file structure-v3.csv (CSV, C-alpha atoms)
chain,number,residue,atom,x,y,z
A,1,MET,CA,35.8,143.9,97.4
A,2,GLN,CA,37.1,145.9,100.3
A,3,SER,CA,38.7,149.2,99.2
A,4,ASP,CA,41.1,149.8,102.1
A,5,PRO,CA,44.3,147.7,102.2
A,6,ARG,CA,44.3,147.9,106.0
A,7,THR,CA,41.1,145.7,105.9
A,8,GLN,CA,43.1,142.6,104.8
A,9,LEU,CA,45.6,143.2,107.6
A,10,ALA,CA,42.7,143.4,110.1
A,11,LEU,CA,41.2,140.1,108.6
A,12,ASP,CA,44.6,138.5,109.1
A,13,ALA,CA,44.6,139.5,112.7
A,14,VAL,CA,41.4,137.6,113.3
A,15,ALA,CA,42.2,134.6,111.2
A,16,GLU,CA,41.9,132.2,114.2
A,17,PRO,CA,38.4,133.2,115.3
A,18,ARG,CA,37.3,133.2,111.6
A,19,ALA,CA,38.5,129.7,111.3
A,20,ARG,CA,36.9,128.7,114.6
A,21,PHE,CA,33.5,130.0,113.4
A,22,ARG,CA,33.8,128.2,110.0
A,23,THR,CA,34.9,125.0,111.7
A,24,ALA,CA,31.9,125.1,114.1
A,25,VAL,CA,29.5,125.6,111.2
A,26,GLU,CA,31.1,122.8,109.2
A,27,SER,CA,30.9,120.5,112.2
A,28,ALA,CA,27.2,121.3,112.7
A,29,ARG,CA,26.6,120.6,109.0
A,30,ASP,CA,28.4,117.3,109.1
A,31,GLN,CA,26.4,116.2,112.2
A,32,MET,CA,23.2,116.9,110.3
A,33,ARG,CA,24.4,115.0,107.3
A,34,ALA,CA,25.4,112.1,109.5
A,35,TYR,CA,22.0,112.2,111.1
A,36,ILE,CA,20.3,112.2,107.7
A,37,ALA,CA,22.4,109.3,106.4
A,38,SER,CA,21.7,107.2,109.5
A,39,HIS,CA,17.9,107.7,109.2
A,40,ARG,CA,17.3,107.9,105.5
A,41,ALA,CA,17.9,104.2,105.0
A,42,ASP,CA,15.2,103.4,107.5
A,43,SER,CA,12.9,105.8,105.8
A,44,ASP,CA,13.6,104.4,102.4
A,45,GLU,CA,13.1,100.9,103.6
A,46,ARG,CA,9.8,101.7,105.1
A,47,ALA,CA,8.7,103.4,101.9
A,48,THR,CA,9.7,100.3,99.9
A,49,ASN,CA,7.8,98.0,102.2
A,50,SER,CA,4.7,100.2,102.0
A,51,ASN,CA,4.9,100.4,98.2
A,52,ARG,CA,5.1,96.6,98.1
A,53,GLU,CA,2.2,96.1,100.5
A,54,LEU,CA,-0.1,98.7,98.9
A,55,GLY,CA,0.7,97.5,95.4
A,56,ALA,CA,-0.7,99.1,92.3
A,57,PHE,CA,-3.3,101.0,94.4
A,58,ALA,CA,-0.5,103.3,95.7
A,59,SER,CA,1.0,104.1,92.3
A,60,GLY,CA,0.5,107.8,91.5
A,61,ARG,CA,-2.0,108.2,94.4
A,62,ILE,CA,-0.1,107.9,97.7
A,63,ASP,CA,3.2,109.3,98.8
A,64,THR,CA,4.6,106.1,100.3
A,65,ASN,CA,7.3,107.9,102.2
A,66,ARG,CA,4.7,109.8,104.2
A,67,PHE,CA,2.4,106.9,104.4
A,68,ALA,CA,5.1,104.8,105.9
A,69,THR,CA,5.8,107.3,108.7
A,70,LEU,CA,2.2,107.0,109.9
A,71,PHE,CA,2.8,103.4,110.9
A,72,SER,CA,6.4,103.6,111.9
A,73,ASN,CA,7.6,103.2,115.5
A,74,SER,CA,7.9,106.3,117.7
A,75,GLY,CA,11.7,106.3,117.5
A,76,SER,CA,11.8,106.8,113.8
A,77,VAL,CA,12.3,110.0,111.8
A,78,SER,CA,9.5,111.2,109.5
A,79,TYR,CA,10.0,112.0,105.9
A,80,GLU,CA,9.0,115.6,106.6
A,81,ALA,CA,11.7,115.8,109.3
A,82,ILE,CA,14.4,114.5,107.0
A,83,THR,CA,13.3,117.0,104.3
A,84,ARG,CA,13.3,119.8,106.8
A,85,ILE,CA,16.8,118.9,108.1
A,86,GLU,CA,18.1,118.9,104.5
A,87,ARG,CA,16.9,122.5,104.3
A,88,PHE,CA,18.9,123.3,107.5
A,89,ILE,CA,22.0,121.8,105.8
A,90,ALA,CA,21.4,124.0,102.8
A,91,GLY,CA,21.2,127.0,105.1
A,92,LEU,CA,24.6,126.2,106.7
A,93,ASP,CA,26.1,125.7,103.2
A,94,GLU,CA,24.9,129.2,102.4
A,95,VAL,CA,26.4,130.6,105.5
A,96,LEU,CA,29.7,129.0,104.7
A,97,ALA,CA,29.6,130.4,101.1
A,98,LYS,CA,28.9,133.9,102.4
A,99,SER,CA,31.1,133.8,105.4
A,100,ASP,CA,33.7,136.3,104.0
A,101,GLY,CA,30.8,138.8,103.8
A,102,PHE,CA,30.1,138.3,107.5
A,103,PHE,CA,33.7,138.9,108.4
A,104,ALA,CA,34.3,142.1,106.4
A,105,ILE,CA,31.8,144.7,105.5
A,106,GLU,CA,32.1,148.2,104.0
A,107,VAL,CA,29.7,150.7,105.5
A,108,PRO,CA,28.8,153.3,102.8
A,109,ARG,CA,29.4,157.0,103.5
A,110,GLY,CA,26.5,158.2,105.6
A,111,GLY,CA,25.7,154.7,106.8
A,112,ASN,CA,25.0,153.6,110.3
A,113,PRO,CA,27.8,151.3,111.7
A,114,ALA,CA,25.4,149.9,114.3
A,115,THR,CA,22.9,148.8,111.7
A,116,ALA,CA,25.6,147.3,109.5
A,117,ALA,CA,27.0,145.3,112.4
A,118,ALA,CA,23.5,144.1,113.4
A,119,ASP,CA,22.8,143.0,109.9
A,120,ALA,CA,26.2,141.1,109.6
A,121,PHE,CA,25.7,139.4,113.0
A,122,GLY,CA,22.1,138.6,112.2
A,123,ASN,CA,23.0,136.9,108.9
A,124,ALA,CA,25.9,135.0,110.5
A,125,GLY,CA,23.4,134.0,113.2
A,126,CYS,CA,21.4,132.0,110.7
A,127,ALA,CA,24.0,129.2,111.5
A,128,PHE,CA,22.9,129.2,115.1
A,129,GLY,CA,19.3,129.3,114.1
A,130,ALA,CA,19.8,126.2,111.9
A,131,VAL,CA,21.3,124.3,114.8
A,132,LEU,CA,18.5,125.3,117.1
A,133,ALA,CA,16.0,124.2,114.5
A,134,PHE,CA,17.8,120.9,114.0
A,135,GLN,CA,17.6,120.2,117.7
A,136,ALA,CA,14.0,121.0,117.7
A,137,ALA,CA,13.3,118.8,114.7
A,138,LYS,CA,15.0,115.8,116.3
A,139,THR,CA,13.0,116.1,119.5
A,140,GLY,CA,9.7,116.8,117.7
A,141,SER,CA,9.4,120.3,119.2
A,142,TYR,CA,10.0,122.2,115.9
A,143,ARG,CA,7.5,125.0,115.3
A,144,TYR,CA,7.5,126.7,111.9
A,145,GLU,CA,6.5,130.1,113.3
A,146,GLN,CA,9.2,130.0,116.0
A,147,HIS,CA,12.2,128.4,114.1
A,148,GLU,CA,11.7,129.3,110.5
A,149,ARG,CA,12.5,133.0,110.8
A,150,ARG,CA,15.8,132.1,112.5
A,151,LEU,CA,16.9,130.6,109.2
A,152,GLU,CA,16.6,134.0,107.5
A,153,SER,CA,18.1,136.2,110.2
A,154,PHE,CA,18.9,135.5,113.9
A,155,PRO,CA,19.8,138.8,115.6
A,156,PHE,CA,22.6,139.2,118.0
A,157,ASN,CA,20.3,140.2,120.9
A,158,ARG,CA,18.7,136.8,120.7
A,159,TRP,CA,22.0,134.8,120.9
A,160,ASN,CA,22.8,132.9,124.1
A,161,ARG,CA,26.1,132.8,126.0
A,162,GLY,CA,27.5,129.9,124.0
A,163,GLU,CA,26.6,131.5,120.7
A,164,ARG,CA,28.2,134.8,121.7
A,165,LEU,CA,31.4,132.9,122.7
A,166,MET,CA,31.4,131.5,119.1
A,167,ALA,CA,30.6,134.8,117.4
A,168,PRO,CA,32.4,135.4,114.1
A,169,PRO,CA,34.8,138.4,114.1
A,170,LEU,CA,33.8,141.5,112.2
A,171,VAL,CA,35.9,144.0,110.3
A,172,MET,CA,34.2,147.2,109.3
A,173,GLU,CA,35.3,150.0,106.9
A,174,VAL,CA,33.6,153.1,108.2
A,175,ASP,CA,33.9,156.9,107.5
A,176,GLY,CA,35.2,158.6,110.6
A,177,GLU,CA,32.5,161.2,110.3
A,178,ASP,CA,29.9,158.4,110.7
A,179,PHE,CA,31.6,156.5,113.6
A,180,SER,CA,31.5,156.7,117.4
A,181,GLY,CA,32.4,153.8,119.7
A,182,ASP,CA,29.1,153.8,121.6
A,183,GLN,CA,27.4,152.5,118.4
A,184,LEU,CA,29.1,149.1,119.1
A,185,ALA,CA,28.5,148.9,122.8
A,186,GLY,CA,25.5,146.5,122.4
A,187,PHE,CA,27.7,143.9,120.7
A,188,ILE,CA,30.5,143.7,123.3
A,189,ASP,CA,30.0,140.3,124.9
A,190,GLY,CA,31.3,136.8,124.7
A,191,ASN,CA,34.3,136.5,122.4
A,192,VAL,CA,33.1,139.1,119.9
A,193,ARG,CA,35.9,140.7,117.9
A,194,ILE,CA,35.2,144.0,116.1
A,195,ILE,CA,37.8,145.9,114.2
A,196,VAL,CA,36.9,149.3,112.7
A,197,VAL,CA,39.0,150.6,109.8
A,198,ILE,CA,38.3,154.3,109.8
A,199,ARG,CA,38.4,156.2,106.5
A,200,GLY,CA,39.2,159.9,106.5
A,201,VAL,CA,39.1,162.1,109.6
A,202,SER,CA,37.7,160.9,112.9
A,203,SER,CA,37.2,162.1,116.5
A,204,PRO,CA,40.4,161.8,118.5
A,205,ALA,CA,39.3,159.1,120.9
A,206,PRO,CA,36.2,157.2,119.4
A,207,LEU,CA,36.9,154.1,121.5
A,208,ALA,CA,37.6,155.8,124.8
A,209,ARG,CA,34.1,155.2,126.3
A,210,LEU,CA,34.4,151.4,125.6
A,211,VAL,CA,37.2,151.0,128.1
A,212,THR,CA,35.8,148.7,130.9
A,213,PRO,CA,37.7,146.2,133.0
A,214,GLY,CA,36.9,143.1,130.9
A,215,VAL,CA,37.2,144.5,127.4
A,216,LEU,CA,40.3,144.6,125.2
A,217,VAL,CA,40.3,148.0,123.5
A,218,ILE,CA,42.9,148.9,120.9
A,219,GLN,CA,43.1,152.3,119.2
A,220,SER,CA,46.1,152.7,116.9
A,221,THR,CA,47.3,154.1,113.6
A,222,THR,CA,49.1,150.8,112.6
A,223,ALA,CA,47.8,147.3,112.0
A,224,GLU,CA,50.7,145.8,113.9
A,225,SER,CA,49.0,146.7,117.2
A,226,LEU,CA,46.2,144.2,116.3
A,227,ALA,CA,48.6,141.4,117.2
A,228,LYS,CA,47.4,141.9,120.8
A,229,LEU,CA,44.2,140.2,119.7
A,230,ALA,CA,45.9,136.9,119.4
A,231,GLY,CA,45.1,134.5,122.2
A,232,TYR,CA,42.8,136.8,124.0
A,233,GLU,CA,39.6,135.3,125.5
A,234,GLY,CA,36.8,137.9,125.9
A,235,PRO,CA,35.3,140.7,123.9
A,236,ALA,CA,37.6,143.0,122.0
A,237,VAL,CA,37.2,146.2,120.0
A,238,ALA,CA,39.9,147.8,117.9
A,239,ALA,CA,40.1,150.8,115.6
A,240,LEU,CA,42.6,151.8,113.0
A,241,VAL,CA,42.5,155.6,113.2
A,242,PRO,CA,44.1,158.3,111.2
A,243,ASP,CA,47.3,160.1,112.2
A,244,GLY,CA,46.6,162.7,114.9
A,245,ALA,CA,44.1,160.6,116.9
A,246,ALA,CA,44.9,159.1,120.3
A,247,ILE,CA,46.8,155.9,120.5
A,248,PHE,CA,46.1,153.6,123.5
A,249,THR,CA,45.5,150.0,124.5
A,250,HIS,CA,43.5,148.6,127.4
A,251,ASP,CA,44.4,145.0,127.9
A,252,PRO,CA,42.6,143.1,130.8
A,253,ARG,CA,45.4,140.6,130.8
A,254,GLY,CA,47.6,143.2,132.4
A,255,GLY,CA,46.1,142.7,135.8
A,256,PRO,CA,43.3,143.9,138.1
A,257,ALA,CA,44.7,147.4,138.4
A,258,LEU,CA,44.0,150.0,135.8
A,259,ARG,CA,47.7,151.1,135.8
A,260,ASP,CA,48.5,147.6,134.6
A,261,ARG,CA,45.8,147.4,131.9
A,262,LEU,CA,45.9,150.8,130.3
A,263,GLY,CA,48.8,152.0,128.1
A,264,ILE,CA,48.5,155.4,126.4
A,265,ASP,CA,51.1,156.2,123.8
A,266,TYR,CA,49.8,159.5,122.4
A,267,LEU,CA,47.2,162.0,123.5
A,268,PRO,CA,46.4,164.8,120.9
A,269,ASP,CA,45.4,168.4,121.7
A,270,PRO,CA,41.6,169.0,122.1
A,271,PRO,CA,39.8,169.2,118.8
A,272,LEU,CA,38.7,172.6,117.4
A,273,ARG,CA,36.0,171.5,114.9
A,274,SER,CA,33.2,169.0,114.6
A,275,VAL,CA,33.6,165.7,112.8
A,276,GLY,CA,30.4,164.6,111.2
A,277,SER,CA,27.7,164.5,113.9
A,278,ARG,CA,30.3,164.6,116.7
A,279,SER,CA,30.4,168.1,118.0
A,280,VAL,CA,33.6,169.7,119.4
A,281,TRP,CA,32.2,169.2,123.0
A,282,GLN,CA,31.5,165.5,122.4
A,283,GLN,CA,34.9,164.9,121.0
A,284,ARG,CA,36.5,166.8,123.9
A,285,GLU,CA,34.5,164.7,126.4
A,286,GLU,CA,35.8,161.5,124.8
A,287,LEU,CA,39.3,162.8,125.1
A,288,ALA,CA,38.8,164.0,128.6
A,289,HIS,CA,37.4,160.6,129.6
A,290,LEU,CA,40.7,159.0,128.3
A,291,LYS,CA,42.8,161.6,130.1
A,292,MET,CA,40.8,160.9,133.3
A,293,LEU,CA,41.6,157.1,133.0
A,294,ALA,CA,45.2,158.0,132.5
A,295,LYS,CA,45.2,160.1,135.6
A,296,LEU,CA,43.6,157.3,137.6
A,297,ALA,CA,46.2,154.9,136.4
A,298,ALA,CA,49.0,157.3,137.3
A,299,GLU,CA,47.5,157.8,140.8
A,300,GLU,CA,47.4,154.1,141.3
A,301,SER,CA,51.1,153.9,140.4
A,302,ALA,CA,51.9,156.7,142.8
A,303,GLN,CA,50.1,155.0,145.6
A,304,VAL,CA,51.9,151.8,144.9
A,305,ASP,CA,55.3,153.6,144.9
A,306,THR,CA,54.4,155.4,148.2
A,307,LEU,CA,53.4,152.1,149.8
A,308,ALA,CA,56.6,150.4,148.6
A,309,GLY,CA,58.7,153.3,150.0
A,310,TRP,CA,56.9,153.1,153.4
A,311,LEU,CA,57.5,149.3,153.5
A,312,LEU,CA,61.1,149.7,152.7
A,313,GLN,CA,61.6,152.3,155.4
A,314,ALA,CA,59.6,150.3,158.0
A,315,GLY,CA,61.9,147.3,157.2
A,316,GLY,CA,65.0,149.4,157.7
A,317,PHE,CA,65.8,149.5,153.9
A,318,ALA,CA,65.6,153.3,153.4
A,319,GLN,CA,66.5,154.5,150.0
A,320,SER,CA,68.8,157.5,149.2
A,321,ASP,CA,69.4,159.0,145.8
A,322,GLY,CA,67.5,156.2,144.2
A,323,ALA,CA,69.9,153.5,145.5
A,324,GLN,CA,69.0,150.9,148.1
A,325,ARG,CA,71.4,150.9,151.1
call {"tool": "encode", "arguments": {"input": "structure-v3.csv", "output": "structure tokens"}}
result
Amino acid sequence: MQSDPRTQLALDAVAEPRARFRTAVESARDQMRAYIASHRADSDERATNSNRELGAFASGRIDTNRFATLFSNSGSVSYEAITRIERFIAGLDEVLAKSDGFFAIEVPRGGNPATAAADAFGNAGCAFGAVLAFQAAKTGSYRYEQHERRLESFPFNRWNRGERLMAPPLVMEVDGEDFSGDQLAGFIDGNVRIIVVIRGVSSPAPLARLVTPGVLVIQSTTAESLAKLAGYEGPAVAALVPDGAAIFTHDPRGGPALRDRLGIDYLPDPPLRSVGSRSVWQQREELAHLKMLAKLAAEESAQVDTLAGWLLQAGGFAQSDGAQR
């Protein structure tokens, strides 16, 4: 049970990617079930024929299912393969049963957010591992030592592009004293959604260093700002911070220029004391980085205004007192 009421608001903000992940897992499970259903009859029929042909000799001595596969045609599916795929289905059922635990986690005080995120993604990745194992089982390339461990944990750093695009969203409750944005940098890819609900005090701009051209970054004191996550395609990181922290949004949908992507609503004064392991200097550097981005955005705007003014004058449309003549 999550302790912070903002967590449910954050979960509501990522309802669509949560549903998308669940639908993908359910679809994979249904495909496996259909595959089993279409091949089990053939397997059972071969076993019945073998039992009839072997007669009493087979009773209690021979596994007729396995015996039948020895003499089946090359296109058939073995009894062992069917049993193995049933285990993959059970693994997907377990992922679905635990999915709420993948979507929302509570990092204990003093815990490492990066480790908690890695564990959550690794557990959710078992669904991808089951799909890979299923494909290998169908083609006869299944290797126990290679595929089996993916059914227990499949870490994010092993996911391919398609899997990262299908990544489940993650909402984390974290003490501000334990959090810095760079802890999440390794997970920013594909369509990953991470929302950090910060408890207590925090550094003023923990997400500032995550601002890059293709990443949606939201740092706010209110959950309403999370509405910007809707419809966005690409990686996104958001933090619900305490009052007094910086408030800003970097939205790649704004355009190629930084001035169009970055909006800063509030910049606090430089901090005077450390927060957890974040020293005063580290916090001030994060804030300075955000201020530098704001300055660059303002300079871009000034350059555009200067160019626009020059073009107006060159075209004989000089402006006076802010009015076009």
call {"tool": "residues_around", "arguments": {"input": "structure-v3.csv", "residues": "Phe128 (chain A)", "least_positions_apart": "6", "cutoff": "10 Å", "atoms": "only C-alpha atoms", "output": "list in words"}}
result
Ala24, Val25, Ala28, Leu92, Gly122, Phe134, Arg150, Leu151, Ser153, Phe154, Trp159, Asn160, Glu163, Met166 and Ala167 of chain A
call {"tool": "atom_distance", "arguments": {"input": "structure-v3.csv", "atom1": "CA of Ala97 (chain A)", "atom2": "CA of Ser27 (chain A)"}}
result
14.9 Å
call {"tool": "closest_residue", "arguments": {"input": "structure-v3.csv", "among": "A:Asn157, A:Gly176, A:Asp30, A:Phe21", "to": "Ser99 (chain A)", "atoms": "only C-alpha atoms"}}
result
A:Phe21
call {"tool": "closest_residue", "arguments": {"input": "structure-v3.csv", "among": "A:Leu258, A:Ala37, A:Val217, A:Val14", "to": "Ala298 (chain A)", "atoms": "only C-alpha atoms"}}
result
A:Leu258
call {"tool": "closest_residue", "arguments": {"input": "structure-v3.csv", "among": "A:Gln183, A:Ser3, A:Gln146, A:Thr249", "to": "Gly129 (chain A)", "atoms": "all atoms listed in the file"}}
result
A:Gln146
call {"tool": "atom_distance", "arguments": {"input": "structure-v3.csv", "atom1": "CA of Ala223 (chain A)", "atom2": "CA of Pro204 (chain A)"}}
result
17.5 Å
call {"tool": "closest_residue", "arguments": {"input": "structure-v3.csv", "among": "A:Val196, A:Met172, A:Ala34, A:Ala230", "to": "Ala116 (chain A)", "atoms": "only C-alpha atoms"}}
result
A:Met172
call {"tool": "residues_near_point", "arguments": {"input": "structure-v3.csv", "point": "(46.3, 144.2, 115.3)", "cutoff": "6 Å", "atoms": "all atoms listed in the file", "output": "PDB file with C-alpha atoms, in the coordinates of the input"}}
result
ATOM      1  CA  ALA A  13      44.600 139.500 112.700  1.00  0.00           C
ATOM      2  CA  ALA A 223      47.800 147.300 112.000  1.00  0.00           C
ATOM      3  CA  GLU A 224      50.700 145.800 113.900  1.00  0.00           C
ATOM      4  CA  SER A 225      49.000 146.700 117.200  1.00  0.00           C
ATOM      5  CA  LEU A 226      46.200 144.200 116.300  1.00  0.00           C
ATOM      6  CA  ALA A 227      48.600 141.400 117.200  1.00  0.00           C
TER       7      ALA A 227
END
call {"tool": "closest_residue", "arguments": {"input": "structure-v3.csv", "among": "A:Pro268, A:Tyr35, A:Arg193, A:Pro206", "to": "Lys228 (chain A)", "atoms": "only C-alpha atoms"}}
result
A:Arg193
call {"tool": "closest_residue", "arguments": {"input": "structure-v3.csv", "among": "A:Leu272, A:Leu216, A:Leu170, A:Ala133", "to": "Pro17 (chain A)", "atoms": "all atoms listed in the file"}}
result
A:Leu170
